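*Asks:* Mind looking over this structure? Questions follow.
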Amino acid sequence: METYENIKAFIQKVTRGLTYVGMFLLIPMMLLTAAEVVGRGAWSRPIPGTLELSSYMLSVFILLGLAYTQQVKGHVRVTMFTDRLPEKVSLSFYLLTTLLSIFIIAMLCWQGYVVAMEEQSVSDMLRVPQYPFRMLVAVGALFLCLELVCDLVDTVRKLAGN
């Protein structure tokens, strides 16, 4: 079990690192948006490509933050039904939903990779290649899937009484 704990700690560390990368992009996105508003309002001169750059930075922030949100249990859960059940039954439901989530996110990871590898297009105004941002879908989904697998192992351990 020590090996599992080491692997889990490594996954969580990488997940936090990816989240920091996404968080770092919030500052330039905020400054760019503020400069766009001032430039457009004060001098009627918008900054070309602001919408594209903001959407790319936002996609990085969101996709790299998915796994961390799972790690800290920040995703929305409706527990008004499962809170009233016995702990073993509640854990069984959580196990089932985690398995379904792993399946769906694994499909997203796989298809995100396939789509990214086939991507050839660039953005309209700034001519930014789409490939890296499409690949972020696969990376974000991979780490979300790994976090879900860690949750699955933890739930099975709780059900087993360890």
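Naming scheme: A, B, ... for chains in displayed order of the structure tokens; residues 1 onward per chain; ligands 1 onward as shown.
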Considering only C-alpha atoms, give me a table of residues in stretch 19-72 of chain A that are at most 8 Å from stretch 123-131 of chain A, with the closest atom pair and distance in Å for each, as JSON lines.

*Replies:*
{"residue": "A:Pro48", "atom": "CA", "partner": "A:Met125", "partner_atom": "CA", "distance": 7.8}
{"residue": "A:Gly49", "atom": "CA", "partner": "A:Met125", "partner_atom": "CA", "distance": 6.1}
{"residue": "A:Glu52", "atom": "CA", "partner": "A:Ser123", "partner_atom": "CA", "distance": 7.6}

*Asks:* Those residues you just picked out, can you put them in a file as a PDB file, in the first residue's frame with C-alpha atoms?

*Replies:*
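What ended up in out-v7.pdb:
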ATOM      1  CA  PRO A  48      -6.536  42.744 -32.225  1.00  0.00           C
ATOM      2  CA  GLY A  49      -6.791  39.100 -31.191  1.00  0.00           C
ATOM      3  CA  GLU A  52      -8.806  34.603 -29.318  1.00  0.00           C
TER       4      GLU A  52
END

*Asks:* Within 9 Å of stretch 13-22 of chain A, counting only C-alpha atoms, which residues show up once you throw out same-chain ones fewer than 3 positions away? Write them as a list in words, please.

*Replies:*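 Skipping anything fewer than 3 positions along the chain leaves Lys8, Ala9, Phe10, Leu25, Leu26, Met57, Leu58, Ser59, Val60, Phe61, Ile62, Leu63, Leu64, Gly65, Leu66, Ala67, Tyr68, Gln71, Gly140, Phe143, Leu144 and Glu147 of chain A.
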
*Asks:* Write out as a count of residues only all residues of stretch 23-110 of chain A that backbone DSSP assigns to alpha helix (DSSP H).

*Replies:* 66

*Asks:* Separation of atom CA of A:His75 and atom CA of A:Gln111, in Å?

*Replies:*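 Rounded to one decimal, the two atoms are 22.5 Å apart.
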
*Asks:* Which distance in Å separates atom CA of A:Gln70 and atom CA of A:Thr155, to one decimal?

*Replies:*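 Separation of atom CA of A:Gln70 and atom CA of A:Thr155: 14.2 Å.
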